[in-house]
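Shown next: start26.cif, containing mmCIF, C-alpha atoms.
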```cif
data_start
loop_
_atom_site.group_PDB
_atom_site.id
_atom_site.type_symbol
_atom_site.label_atom_id
_atom_site.label_comp_id
_atom_site.auth_asym_id
_atom_site.auth_seq_id
_atom_site.Cartn_x
_atom_site.Cartn_y
_atom_site.Cartn_z
ATOM 1 C CA MET X 18 0.000 0.000 0.000
ATOM 2 C CA LYS X 19 1.337 3.432 -0.951
ATOM 3 C CA LYS X 20 1.906 6.239 1.552
ATOM 4 C CA ILE X 21 1.757 9.675 -0.044
ATOM 5 C CA LEU X 22 2.634 13.239 0.959
ATOM 6 C CA VAL X 23 0.660 15.830 -1.037
ATOM 7 C CA THR X 24 1.973 19.412 -1.110
ATOM 8 C CA GLY X 25 -0.445 22.213 -2.021
ATOM 9 C CA ALA X 26 -3.273 20.097 -0.635
ATOM 10 C CA MET X 27 -5.620 23.073 -0.263
ATOM 11 C CA GLY X 28 -5.270 24.155 -3.899
ATOM 12 C CA GLN X 29 -7.292 23.578 -7.060
ATOM 13 C CA ILE X 30 -6.191 19.983 -7.596
ATOM 14 C CA GLY X 31 -4.998 19.065 -4.131
ATOM 15 C CA SER X 32 -8.267 19.785 -2.332
ATOM 16 C CA GLU X 33 -9.960 17.055 -4.362
ATOM 17 C CA LEU X 34 -6.991 14.790 -4.959
ATOM 18 C CA VAL X 35 -6.363 14.168 -1.263
ATOM 19 C CA SER X 36 -9.880 12.836 -0.658
ATOM 20 C CA THR X 37 -9.727 10.717 -3.832
ATOM 21 C CA LEU X 38 -6.370 9.235 -2.831
ATOM 22 C CA ARG X 39 -7.698 8.517 0.673
ATOM 23 C CA GLU X 40 -10.621 6.611 -0.803
ATOM 24 C CA HIS X 41 -8.192 4.645 -2.975
ATOM 25 C CA TYR X 42 -5.283 4.033 -0.566
ATOM 26 C CA GLY X 43 -6.812 4.615 2.883
ATOM 27 C CA THR X 44 -7.141 7.810 4.949
ATOM 28 C CA SER X 45 -4.045 7.233 7.081
ATOM 29 C CA ASN X 46 -1.874 6.653 3.997
ATOM 30 C CA VAL X 47 -2.377 10.121 2.459
ATOM 31 C CA ILE X 48 -0.860 13.111 4.248
ATOM 32 C CA GLY X 49 -2.050 16.514 3.112
ATOM 33 C CA SER X 50 0.193 19.552 3.509
ATOM 34 C CA ASP X 51 -0.095 23.276 2.832
ATOM 35 C CA LEU X 52 0.337 26.661 4.490
ATOM 36 C CA TRP X 53 -3.057 26.224 6.155
ATOM 37 C CA GLN X 54 -5.667 23.535 6.718
ATOM 38 C CA LYS X 55 -9.420 23.261 7.016
ATOM 39 C CA ASP X 56 -10.881 22.926 10.503
ATOM 40 C CA GLU X 57 -12.757 19.814 9.365
ATOM 41 C CA GLU X 58 -9.684 18.034 7.932
ATOM 42 C CA GLU X 59 -10.407 14.295 8.110
ATOM 43 C CA GLY X 60 -6.943 12.799 7.838
ATOM 44 C CA PRO X 61 -3.271 13.377 8.631
ATOM 45 C CA PHE X 62 -2.085 16.879 7.738
ATOM 46 C CA GLU X 63 1.094 18.925 8.119
ATOM 47 C CA ILE X 64 1.667 22.670 7.795
ATOM 48 C CA VAL X 65 4.441 22.872 5.181
ATOM 49 C CA ASP X 66 5.958 25.794 3.288
ATOM 50 C CA VAL X 67 7.470 24.238 0.147
ATOM 51 C CA THR X 68 10.101 26.992 -0.041
ATOM 52 C CA ASP X 69 11.545 25.352 3.109
ATOM 53 C CA GLU X 70 13.174 22.051 2.083
ATOM 54 C CA LYS X 71 13.571 20.903 5.701
ATOM 55 C CA ALA X 72 9.830 21.279 6.284
ATOM 56 C CA ILE X 73 9.089 18.941 3.363
ATOM 57 C CA TYR X 74 11.783 16.503 4.521
ATOM 58 C CA ASP X 75 10.496 16.457 8.100
ATOM 59 C CA ALA X 76 6.900 15.783 6.994
ATOM 60 C CA ALA X 77 7.957 13.015 4.605
ATOM 61 C CA LYS X 78 10.230 11.410 7.220
ATOM 62 C CA LYS X 79 7.695 11.718 10.048
ATOM 63 C CA HIS X 80 5.046 9.813 8.109
ATOM 64 C CA ASN X 81 7.479 7.418 6.383
ATOM 65 C CA VAL X 82 5.994 8.142 2.949
ATOM 66 C CA ASP X 83 7.090 6.437 -0.260
ATOM 67 C CA THR X 84 5.660 9.056 -2.647
ATOM 68 C CA ILE X 85 5.517 12.848 -2.940
ATOM 69 C CA MET X 86 2.829 14.508 -5.053
ATOM 70 C CA HIS X 87 4.019 18.083 -5.462
ATOM 71 C CA LEU X 88 1.122 20.388 -6.368
ATOM 72 C CA ALA X 89 2.047 23.672 -4.669
ATOM 73 C CA ALA X 90 2.256 26.390 -7.342
ATOM 74 C CA LEU X 91 1.100 29.849 -8.374
ATOM 75 C CA LEU X 92 -1.175 29.625 -11.435
ATOM 76 C CA SER X 93 -0.899 31.427 -14.770
ATOM 77 C CA ALA X 94 -2.719 34.756 -14.336
ATOM 78 C CA LYS X 95 -1.472 35.254 -10.766
ATOM 79 C CA ALA X 96 2.066 34.341 -11.799
ATOM 80 C CA GLU X 97 2.036 37.089 -14.436
ATOM 81 C CA ALA X 98 1.171 39.648 -11.766
ATOM 82 C CA VAL X 99 4.079 38.619 -9.497
ATOM 83 C CA PRO X 100 6.637 36.818 -11.694
ATOM 84 C CA GLN X 101 9.514 36.837 -9.202
ATOM 85 C CA ILE X 102 7.332 35.368 -6.460
ATOM 86 C CA ALA X 103 6.063 32.804 -8.972
ATOM 87 C CA TRP X 104 9.624 31.751 -9.831
ATOM 88 C CA ASP X 105 10.593 31.438 -6.160
ATOM 89 C CA LEU X 106 7.529 29.362 -5.305
ATOM 90 C CA ASN X 107 7.114 27.301 -8.464
ATOM 91 C CA MET X 108 10.776 26.502 -9.114
ATOM 92 C CA GLY X 109 12.206 26.725 -5.602
ATOM 93 C CA GLY X 110 9.413 24.565 -4.214
ATOM 94 C CA LEU X 111 9.831 21.988 -6.976
ATOM 95 C CA MET X 112 13.580 21.754 -6.464
ATOM 96 C CA ASN X 113 13.088 21.300 -2.716
ATOM 97 C CA ALA X 114 10.512 18.548 -3.197
ATOM 98 C CA LEU X 115 12.714 16.753 -5.735
ATOM 99 C CA GLU X 116 15.674 16.924 -3.370
ATOM 100 C CA VAL X 117 13.606 15.287 -0.632
ATOM 101 C CA ALA X 118 12.502 12.590 -3.089
ATOM 102 C CA ARG X 119 16.145 11.987 -3.986
ATOM 103 C CA GLU X 120 17.337 11.885 -0.381
ATOM 104 C CA LEU X 121 14.578 9.532 0.803
ATOM 105 C CA GLU X 122 14.314 7.523 -2.467
ATOM 106 C CA LEU X 123 10.649 8.373 -3.041
ATOM 107 C CA GLN X 124 8.396 8.172 -6.077
ATOM 108 C CA PHE X 125 7.542 11.660 -7.318
ATOM 109 C CA PHE X 126 4.619 13.197 -9.230
ATOM 110 C CA THR X 127 4.132 16.808 -10.278
ATOM 111 C CA PRO X 128 1.801 18.215 -12.943
ATOM 112 C CA SER X 129 2.859 20.299 -15.897
ATOM 113 C CA SER X 130 0.351 22.218 -18.019
ATOM 114 C CA ILE X 131 -0.681 23.387 -21.466
ATOM 115 C CA GLY X 132 0.923 26.609 -20.226
ATOM 116 C CA ALA X 133 4.275 25.020 -21.112
ATOM 117 C CA PHE X 134 3.480 25.648 -24.768
ATOM 118 C CA GLY X 135 3.755 28.981 -26.574
ATOM 119 C CA PRO X 136 2.743 30.850 -29.747
ATOM 120 C CA ALA X 137 5.159 28.838 -31.928
ATOM 121 C CA THR X 138 3.657 25.515 -30.830
ATOM 122 C CA PRO X 139 1.292 23.814 -33.330
ATOM 123 C CA LYS X 140 -2.169 24.659 -31.984
ATOM 124 C CA LYS X 141 -4.184 21.721 -33.317
ATOM 125 C CA ASN X 142 -3.500 18.173 -32.132
ATOM 126 C CA THR X 143 -0.341 19.457 -30.440
ATOM 127 C CA PRO X 144 2.304 16.691 -30.499
ATOM 128 C CA GLN X 145 3.809 15.145 -27.388
ATOM 129 C CA GLU X 146 7.218 16.438 -28.462
ATOM 130 C CA THR X 147 7.163 19.848 -30.139
ATOM 131 C CA VAL X 148 8.320 23.470 -29.927
ATOM 132 C CA MET X 149 7.966 24.811 -26.370
ATOM 133 C CA ARG X 150 8.671 28.545 -26.129
ATOM 134 C CA PRO X 151 6.112 29.917 -23.631
ATOM 135 C CA THR X 152 5.700 33.666 -23.186
ATOM 136 C CA THR X 153 4.469 33.609 -19.559
ATOM 137 C CA MET X 154 6.334 33.114 -16.284
ATOM 138 C CA TYR X 155 4.010 30.217 -15.469
ATOM 139 C CA GLY X 156 4.879 28.593 -18.795
ATOM 140 C CA VAL X 157 8.598 29.124 -18.270
ATOM 141 C CA ASN X 158 8.245 27.504 -14.835
ATOM 142 C CA LYS X 159 6.446 24.511 -16.328
ATOM 143 C CA VAL X 160 9.000 23.893 -19.096
ATOM 144 C CA ALA X 161 11.852 24.241 -16.614
ATOM 145 C CA GLY X 162 10.001 21.927 -14.230
ATOM 146 C CA GLU X 163 9.588 19.233 -16.878
ATOM 147 C CA LEU X 164 13.312 19.377 -17.640
ATOM 148 C CA LEU X 165 14.201 19.355 -13.943
ATOM 149 C CA CYS X 166 12.119 16.221 -13.349
ATOM 150 C CA ASP X 167 13.794 14.574 -16.342
ATOM 151 C CA TYR X 168 17.168 15.525 -14.858
ATOM 152 C CA TYR X 169 16.381 13.972 -11.477
ATOM 153 C CA PHE X 170 15.274 10.767 -13.205
ATOM 154 C CA TYR X 171 18.315 10.457 -15.461
ATOM 155 C CA ARG X 172 20.890 11.823 -13.007
ATOM 156 C CA TYR X 173 19.674 10.327 -9.731
ATOM 157 C CA GLY X 174 17.156 7.635 -10.679
ATOM 158 C CA VAL X 175 14.213 9.358 -8.967
ATOM 159 C CA ASP X 176 10.975 7.785 -10.231
ATOM 160 C CA THR X 177 9.498 11.058 -11.510
ATOM 161 C CA ARG X 178 6.158 11.125 -13.334
ATOM 162 C CA GLY X 179 3.795 13.855 -14.566
ATOM 163 C CA VAL X 180 1.130 14.998 -17.006
ATOM 164 C CA ARG X 181 0.466 18.216 -18.913
ATOM 165 C CA TYR X 182 -2.935 19.247 -17.658
ATOM 166 C CA PRO X 183 -5.382 21.201 -19.764
ATOM 167 C CA GLY X 184 -7.716 23.638 -17.995
ATOM 168 C CA LEU X 185 -9.428 21.841 -15.105
ATOM 169 C CA ILE X 186 -13.131 22.179 -14.344
ATOM 170 C CA SER X 187 -14.667 21.334 -10.967
ATOM 171 C CA TYR X 188 -17.793 21.995 -8.915
ATOM 172 C CA VAL X 189 -15.846 21.489 -5.669
ATOM 173 C CA THR X 190 -13.023 24.022 -5.850
ATOM 174 C CA PRO X 191 -13.613 27.698 -6.736
ATOM 175 C CA PRO X 192 -11.499 29.281 -9.518
ATOM 176 C CA GLY X 193 -7.893 29.864 -8.462
ATOM 177 C CA GLY X 194 -6.281 32.400 -10.791
ATOM 178 C CA GLY X 195 -5.829 30.391 -13.969
ATOM 179 C CA THR X 196 -6.478 31.563 -17.513
ATOM 180 C CA THR X 197 -8.905 28.691 -18.138
ATOM 181 C CA ASP X 198 -10.925 29.472 -14.993
ATOM 182 C CA TYR X 199 -13.692 31.082 -17.057
ATOM 183 C CA ALA X 200 -14.768 27.511 -17.825
ATOM 184 C CA VAL X 201 -15.395 27.016 -14.099
ATOM 185 C CA GLU X 202 -16.920 30.458 -13.472
ATOM 186 C CA ILE X 203 -19.415 30.056 -16.304
ATOM 187 C CA TYR X 204 -21.096 27.145 -14.494
ATOM 188 C CA TYR X 205 -21.209 28.950 -11.140
ATOM 189 C CA GLU X 206 -22.805 32.002 -12.770
ATOM 190 C CA ALA X 207 -25.201 29.896 -14.845
ATOM 191 C CA VAL X 208 -26.638 28.500 -11.626
ATOM 192 C CA LYS X 209 -26.555 31.782 -9.683
ATOM 193 C CA SER X 210 -27.686 34.348 -12.264
ATOM 194 C CA LYS X 211 -28.258 32.529 -15.592
ATOM 195 C CA LYS X 212 -25.739 34.807 -17.296
ATOM 196 C CA TYR X 213 -21.983 35.165 -17.595
ATOM 197 C CA THR X 214 -19.527 37.713 -18.966
ATOM 198 C CA SER X 215 -16.467 35.950 -20.354
ATOM 199 C CA TYR X 216 -13.000 37.475 -20.112
ATOM 200 C CA ILE X 217 -11.940 35.137 -22.950
ATOM 201 C CA ALA X 218 -13.046 36.032 -26.469
ATOM 202 C CA ALA X 219 -15.413 33.984 -28.624
ATOM 203 C CA GLU X 220 -13.858 31.279 -30.799
ATOM 204 C CA THR X 221 -10.853 30.985 -28.473
ATOM 205 C CA TYR X 222 -10.396 27.249 -28.150
ATOM 206 C CA MET X 223 -8.471 25.662 -25.287
ATOM 207 C CA ASP X 224 -8.137 22.126 -23.973
ATOM 208 C CA MET X 225 -10.192 21.416 -20.842
ATOM 209 C CA MET X 226 -10.784 18.440 -18.560
ATOM 210 C CA TYR X 227 -13.334 17.568 -15.892
ATOM 211 C CA MET X 228 -11.701 17.021 -12.507
ATOM 212 C CA PRO X 229 -12.670 13.327 -12.085
ATOM 213 C CA ASP X 230 -10.736 12.533 -15.284
ATOM 214 C CA ALA X 231 -7.786 14.603 -14.030
ATOM 215 C CA LEU X 232 -7.681 12.765 -10.695
ATOM 216 C CA ASN X 233 -8.057 9.327 -12.227
ATOM 217 C CA SER X 234 -5.186 10.074 -14.601
ATOM 218 C CA ILE X 235 -2.857 10.706 -11.642
ATOM 219 C CA ILE X 236 -3.649 7.371 -10.008
ATOM 220 C CA LYS X 237 -3.366 5.510 -13.298
ATOM 221 C CA LEU X 238 0.035 7.042 -14.070
ATOM 222 C CA LEU X 239 1.234 6.538 -10.482
ATOM 223 C CA GLU X 240 0.476 2.816 -10.727
ATOM 224 C CA ALA X 241 1.768 2.336 -14.297
ATOM 225 C CA ASP X 242 4.596 -0.072 -15.086
ATOM 226 C CA PRO X 243 7.763 2.103 -15.063
ATOM 227 C CA ASP X 244 9.312 0.016 -17.840
ATOM 228 C CA LYS X 245 6.571 1.195 -20.225
ATOM 229 C CA LEU X 246 7.018 4.911 -19.508
ATOM 230 C CA VAL X 247 8.960 6.568 -22.303
ATOM 231 C CA HIS X 248 8.066 10.238 -21.796
ATOM 232 C CA ARG X 249 7.482 9.878 -18.054
ATOM 233 C CA ASN X 250 7.309 13.529 -16.856
ATOM 234 C CA ALA X 251 5.058 15.478 -19.161
ATOM 235 C CA TYR X 252 2.386 13.415 -20.873
ATOM 236 C CA ASN X 253 -0.153 15.312 -22.966
ATOM 237 C CA ILE X 254 -3.653 14.399 -21.775
ATOM 238 C CA SER X 255 -6.761 15.754 -23.474
ATOM 239 C CA ALA X 256 -10.525 15.567 -23.031
ATOM 240 C CA ILE X 257 -12.496 18.633 -24.200
ATOM 241 C CA SER X 258 -11.473 21.309 -26.700
ATOM 242 C CA ALA X 259 -13.899 24.205 -26.329
ATOM 243 C CA ALA X 260 -14.465 27.951 -26.664
ATOM 244 C CA PRO X 261 -16.795 29.987 -24.391
ATOM 245 C CA GLU X 262 -19.729 29.590 -26.765
ATOM 246 C CA ASP X 263 -19.408 25.789 -26.597
ATOM 247 C CA PHE X 264 -19.925 25.881 -22.837
ATOM 248 C CA ALA X 265 -22.894 28.213 -23.300
ATOM 249 C CA LYS X 266 -24.433 25.806 -25.824
ATOM 250 C CA ALA X 267 -24.046 22.872 -23.428
ATOM 251 C CA ILE X 268 -25.494 24.884 -20.520
ATOM 252 C CA ARG X 269 -28.527 26.009 -22.571
ATOM 253 C CA LYS X 270 -29.594 22.371 -22.910
ATOM 254 C CA HIS X 271 -30.369 22.606 -19.173
ATOM 255 C CA ILE X 272 -30.879 26.383 -18.709
ATOM 256 C CA PRO X 273 -32.363 27.648 -22.023
ATOM 257 C CA GLU X 274 -32.375 31.305 -20.916
ATOM 258 C CA PHE X 275 -28.637 31.377 -20.141
ATOM 259 C CA GLU X 276 -26.913 34.477 -21.584
ATOM 260 C CA LEU X 277 -23.248 34.778 -22.545
ATOM 261 C CA THR X 278 -21.575 38.147 -23.120
ATOM 262 C CA TYR X 279 -17.937 39.197 -23.437
ATOM 263 C CA ASN X 280 -15.593 41.674 -21.771
ATOM 264 C CA VAL X 281 -12.181 40.463 -22.865
ATOM 265 C CA ASP X 282 -9.221 40.719 -20.470
ATOM 266 C CA PRO X 283 -6.235 41.429 -22.775
ATOM 267 C CA VAL X 284 -3.719 39.785 -20.417
ATOM 268 C CA ARG X 285 -5.551 36.490 -20.097
ATOM 269 C CA GLN X 286 -6.652 36.579 -23.739
ATOM 270 C CA LYS X 287 -3.033 36.861 -24.860
ATOM 271 C CA ILE X 288 -2.121 33.901 -22.669
ATOM 272 C CA ALA X 289 -5.035 31.871 -24.044
ATOM 273 C CA GLU X 290 -4.070 32.585 -27.634
ATOM 274 C CA SER X 291 -0.558 31.276 -26.980
ATOM 275 C CA TRP X 292 -1.883 27.878 -25.861
ATOM 276 C CA PRO X 293 -2.975 24.867 -27.969
ATOM 277 C CA ASP X 294 -6.545 24.262 -29.102
ATOM 278 C CA ASN X 295 -6.188 20.574 -28.286
ATOM 279 C CA LEU X 296 -3.439 18.102 -27.405
ATOM 280 C CA ASP X 297 -2.431 14.779 -28.944
ATOM 281 C CA SER X 298 -2.628 12.391 -25.984
ATOM 282 C CA SER X 299 -1.688 9.226 -27.899
ATOM 283 C CA ALA X 300 1.564 8.725 -25.944
ATOM 284 C CA ALA X 301 -0.356 8.626 -22.643
ATOM 285 C CA GLU X 302 -2.924 6.290 -24.166
ATOM 286 C CA GLN X 303 -0.274 3.879 -25.459
ATOM 287 C CA GLU X 304 2.162 3.948 -22.532
ATOM 288 C CA TRP X 305 -0.195 3.822 -19.534
ATOM 289 C CA GLY X 306 -3.753 3.549 -20.812
ATOM 290 C CA PHE X 307 -5.020 7.108 -20.353
ATOM 291 C CA LYS X 308 -8.662 7.578 -21.363
ATOM 292 C CA ALA X 309 -10.967 10.512 -20.548
ATOM 293 C CA GLU X 310 -14.533 9.540 -19.628
ATOM 294 C CA TYR X 311 -16.249 12.962 -19.791
ATOM 295 C CA ASP X 312 -17.112 15.087 -22.808
ATOM 296 C CA ILE X 313 -18.600 18.586 -22.476
ATOM 297 C CA ASP X 314 -22.235 17.421 -22.386
ATOM 298 C CA ARG X 315 -21.719 14.696 -19.787
ATOM 299 C CA MET X 316 -19.668 17.083 -17.662
ATOM 300 C CA THR X 317 -22.311 19.830 -17.881
ATOM 301 C CA ALA X 318 -25.109 17.424 -16.954
ATOM 302 C CA GLU X 319 -23.197 16.603 -13.769
ATOM 303 C CA MET X 320 -21.814 20.080 -12.954
ATOM 304 C CA LEU X 321 -25.085 22.009 -12.862
ATOM 305 C CA PRO X 322 -27.015 19.812 -10.365
ATOM 306 C CA LYS X 323 -23.937 19.554 -8.127
ATOM 307 C CA LEU X 324 -23.566 23.345 -8.064
ATOM 308 C CA ARG X 325 -27.265 23.834 -7.289
ATOM 309 C CA THR X 326 -26.864 21.543 -4.300
ATOM 310 C CA LYS X 327 -23.697 23.329 -3.227
#
```
Representation of the structure as structure tokens:
Amino acid sequence: MKKILVTGAMGQIGSELVSTLREHYGTSNVIGSDLWQKDEEEGPFEIVDVTDEKAIYDAAKKHNVDTIMHLAALLSAKAEAVPQIAWDLNMGGLMNALEVARELELQFFTPSSIGAFGPATPKKNTPQETVMRPTTMYGVNKVAGELLCDYYFYRYGVDTRGVRYPGLISYVTPPGGGTTDYAVEIYYEAVKSKKYTSYIAAETYMDMMYMPDALNSIIKLLEADPDKLVHRNAYNISAISAAPEDFAKAIRKHIPEFELTYNVDPVRQKIAESWPDNLDSSAAEQEWGFKAEYDIDRMTAEMLPKLRTK
């Protein structure tokens, strides 16, 4: 049975991943960590600042973990506002977590992102291996992070693994400062007010994924046969390629009066235009059996009732 330390456990992915991992591996075998914790936390938890390597080491050693899932990061739009802080957190934290994995001989997972791509990257069916020249600090962090994880695998033999996430959509976690967060906000506003003003322009396609598919992909990759992993640290995974009007169309099947308008944010629009429309995920499919279960209609049919209840 695995024993896992999750950094950034209160964030967009971590807040749902921890509970999913606890269901899969047992509550006592998944240790959440972050700068703060919920009062109702239902399993082991440590207060950890990932810019402090000793804090990560002490938490991993205390709980005798065999795996680190490093999720602590500043997302794309926030990173553009404070690029130096983003570098210190995103890269310094990653290096610290990798060092702990090396010292304690742990398996290691960290997510990359479509943000690793840039304007020169082919936008349609983006290949697993292609031009990667991002124009955002977040993207620079992600490319550097992919290379750093490769380095720790080849140089030290650390069992590093990762995926390139598209935009993630969830009814559990509120938007957290990402460029693709409009695809989360649109559902919240559809339920609350039956209208939404998008900061991303019409016909701007980006890859998206429903959170259950994102979480299942982590577990599947974590448990994959290491001998079959060729790319290992940055697998393209893809589920839904959509523009704002596609979400509106899916929502109107359940809320016919839903209205979509636009007030484009030039900063986030520029970021969005530098990212792929959709990714080629064939390497993940062939090497460890990745398969998304949700398309936009199935996701919408589940999102809206869940948000009403919430």
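Reported to one decimal place, the separation of CA of Leu22 in chain X from CA of Glu97 in chain X is 28.4 Å.
Once the PyMOL selection byres ((chain X and resi 298) around 8) is applied to the depicted file, the selected set reads Pro144, Gln145, Tyr252, Asn253, Ile254, Ser255, Leu296, Asp297, Ser299, Ala300, Ala301 and Glu302 of chain X.
For the atom pair formed by CA of Leu277 in chain X and CA of Glu262 in chain X, the distance is 7.6 Å, given to one decimal.
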Could you produce a table of the residues of range 194-269 of chain X lying within 10 Å of range 35-56 of chain X, with the nearest pair of atoms per residue and their separation in Å rounded to one decimal, using all atoms listed in the file, ordered by chain and increasing residue number, as a Markdown table?
```
| residue | atom | partner | partner_atom | distance |
| --- | --- | --- | --- | --- |
| X:Pro229 | CA | X:Thr37 | CA | 9.1 |
| X:Leu232 | CA | X:Thr37 | CA | 7.4 |
| X:Asn233 | CA | X:Thr37 | CA | 8.7 |
| X:Ile235 | CA | X:Leu38 | CA | 9.6 |
| X:Ile236 | CA | X:Leu38 | CA | 7.9 |
```
**OP:** Give as a PyMOL selection string the residues that the PyMOL selection byres ((chain X and resi 184-199) around 9) matches when applied to the coordinates above.
**Re:** chain X and resi 28-30+32-33+91-96+130-131+182-183+200-205+215-217+223-229+231+261+285-286+288-289+316+320-321+323-324+327
Mind dumping the selected residues with C-alpha atoms as a short mmCIF file (atom, residue, chain, number, x, y, z; two decimals), keeping the file's coordinate frame?
```cif
data_model
loop_
_atom_site.label_atom_id
_atom_site.label_comp_id
_atom_site.auth_asym_id
_atom_site.auth_seq_id
_atom_site.Cartn_x
_atom_site.Cartn_y
_atom_site.Cartn_z
CA GLY X 28 -5.27 24.16 -3.90
CA GLN X 29 -7.29 23.58 -7.06
CA ILE X 30 -6.19 19.98 -7.60
CA SER X 32 -8.27 19.78 -2.33
CA GLU X 33 -9.96 17.06 -4.36
CA LEU X 91 1.10 29.85 -8.37
CA LEU X 92 -1.18 29.62 -11.44
CA SER X 93 -0.90 31.43 -14.77
CA ALA X 94 -2.72 34.76 -14.34
CA LYS X 95 -1.47 35.25 -10.77
CA ALA X 96 2.07 34.34 -11.80
CA SER X 130 0.35 22.22 -18.02
CA ILE X 131 -0.68 23.39 -21.47
CA TYR X 182 -2.94 19.25 -17.66
CA PRO X 183 -5.38 21.20 -19.76
CA ALA X 200 -14.77 27.51 -17.82
CA VAL X 201 -15.40 27.02 -14.10
CA GLU X 202 -16.92 30.46 -13.47
CA ILE X 203 -19.42 30.06 -16.30
CA TYR X 204 -21.10 27.14 -14.49
CA TYR X 205 -21.21 28.95 -11.14
CA SER X 215 -16.47 35.95 -20.35
CA TYR X 216 -13.00 37.48 -20.11
CA ILE X 217 -11.94 35.14 -22.95
CA MET X 223 -8.47 25.66 -25.29
CA ASP X 224 -8.14 22.13 -23.97
CA MET X 225 -10.19 21.42 -20.84
CA MET X 226 -10.78 18.44 -18.56
CA TYR X 227 -13.33 17.57 -15.89
CA MET X 228 -11.70 17.02 -12.51
CA PRO X 229 -12.67 13.33 -12.08
CA ALA X 231 -7.79 14.60 -14.03
CA PRO X 261 -16.80 29.99 -24.39
CA ARG X 285 -5.55 36.49 -20.10
CA GLN X 286 -6.65 36.58 -23.74
CA ILE X 288 -2.12 33.90 -22.67
CA ALA X 289 -5.04 31.87 -24.04
CA MET X 316 -19.67 17.08 -17.66
CA MET X 320 -21.81 20.08 -12.95
CA LEU X 321 -25.08 22.01 -12.86
CA LYS X 323 -23.94 19.55 -8.13
CA LEU X 324 -23.57 23.34 -8.06
CA LYS X 327 -23.70 23.33 -3.23
#
```
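When CA of Asp244 in chain X is paired with CA of Gly162 in chain X, their separation reads 22.2 Å.
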**OP:** Please write as number ranges by chain the list of polymer residues whose atoms come within 7 Å of (6.1, 25.1, -31.0), counting all atoms listed in the file and keeping to the coordinates of the file.
**Re:** X: 134-139, 147-150
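Remark: for Val180 in chain X, the closest of the candidate residues X:Leu165, X:Val247, X:Leu238, X:Ala267 is X:Leu238 (distances computed over all atoms listed in the file).
Once the PyMOL selection byres ((chain X and resi 19) around 8) is applied to this file, the selection holds X:Met18, X:Lys20, X:Ile21, X:Tyr42, X:Asn46, X:Val82, X:Asp83, X:Thr84.
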**OP:** Can you pull out every residue within 12 Å of Glu70 in chain X, counting only C-alpha atoms, but drop anything in the same chain fewer than 6 positions away, and send it as a ChimeraX atom specification?
**Re:** /X:24,76-77,106,109-118,120
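Nearest-residue note for Trp305 in chain X: choosing from X:Lys211, X:His80, X:Lys245, X:Lys287, the minimum distance belongs to X:Lys245, counting all atoms listed in the file.
Proximity of X:Leu123, X:Pro243, X:Phe264, X:Arg249 to Arg181 in chain X, computed with all atoms listed in the file, is greatest for X:Arg249.
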Spatial neighbours of Arg178 in chain X, 7 Å, all atoms listed in the file, chain gap at least 3 places, as a PDB file with C-alpha atoms, keeping the file's coordinate frame:
```pdb
ATOM      1  CA  PHE X 125       7.542  11.660  -7.318  1.00  0.00           C
ATOM      2  CA  PHE X 126       4.619  13.197  -9.230  1.00  0.00           C
ATOM      3  CA  THR X 127       4.132  16.808 -10.278  1.00  0.00           C
ATOM      4  CA  ARG X 249       7.482   9.878 -18.054  1.00  0.00           C
ATOM      5  CA  ASN X 250       7.309  13.529 -16.856  1.00  0.00           C
TER       6      ASN X 250
END
```
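Minimum distance to Ala219 in chain X across X:Val157, X:Ala89, X:Tyr279, X:Asp167 (counting all atoms listed in the file) occurs at X:Tyr279.
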**OP:** Write out as a ChimeraX atom specification which residues come within 9 Å of Ile268 in chain X when counting all atoms listed in the file, dropping same-chain ones fewer than 4 positions away.
**Re:** /X:204,207,263-264,272-273,275,314,317-318,321
Because the input lacks atoms here, generate N, CA and C atoms for range 210-218 of chain X and report them as a PDB file, in the frame of the given file.
```pdb
ATOM      1  N   SER X 210     -27.029  33.200 -11.629  1.00  0.00           N
ATOM      2  CA  SER X 210     -27.686  34.348 -12.264  1.00  0.00           C
ATOM      3  C   SER X 210     -28.159  34.094 -13.697  1.00  0.00           C
ATOM      4  N   LYS X 211     -27.860  32.906 -14.228  1.00  0.00           N
ATOM      5  CA  LYS X 211     -28.258  32.529 -15.592  1.00  0.00           C
ATOM      6  C   LYS X 211     -27.633  33.425 -16.660  1.00  0.00           C
ATOM      7  N   LYS X 212     -26.478  34.020 -16.312  1.00  0.00           N
ATOM      8  CA  LYS X 212     -25.739  34.807 -17.296  1.00  0.00           C
ATOM      9  C   LYS X 212     -24.277  34.874 -16.885  1.00  0.00           C
ATOM     10  N   TYR X 213     -23.414  35.108 -17.881  1.00  0.00           N
ATOM     11  CA  TYR X 213     -21.983  35.165 -17.595  1.00  0.00           C
ATOM     12  C   TYR X 213     -21.296  36.071 -18.603  1.00  0.00           C
ATOM     13  N   THR X 214     -20.352  36.877 -18.101  1.00  0.00           N
ATOM     14  CA  THR X 214     -19.527  37.713 -18.966  1.00  0.00           C
ATOM     15  C   THR X 214     -18.132  37.111 -19.024  1.00  0.00           C
ATOM     16  N   SER X 215     -17.737  36.654 -20.193  1.00  0.00           N
ATOM     17  CA  SER X 215     -16.467  35.950 -20.354  1.00  0.00           C
ATOM     18  C   SER X 215     -15.316  36.923 -20.577  1.00  0.00           C
ATOM     19  N   TYR X 216     -14.206  36.680 -19.871  1.00  0.00           N
ATOM     20  CA  TYR X 216     -13.000  37.475 -20.112  1.00  0.00           C
ATOM     21  C   TYR X 216     -12.153  36.895 -21.241  1.00  0.00           C
ATOM     22  N   ILE X 217     -12.578  35.749 -21.777  1.00  0.00           N
ATOM     23  CA  ILE X 217     -11.940  35.137 -22.950  1.00  0.00           C
ATOM     24  C   ILE X 217     -12.853  35.341 -24.153  1.00  0.00           C
ATOM     25  N   ALA X 218     -12.270  35.697 -25.284  1.00  0.00           N
ATOM     26  CA  ALA X 218     -13.046  36.032 -26.469  1.00  0.00           C
ATOM     27  C   ALA X 218     -13.694  34.802 -27.098  1.00  0.00           C
TER      28      ALA X 218
END
```
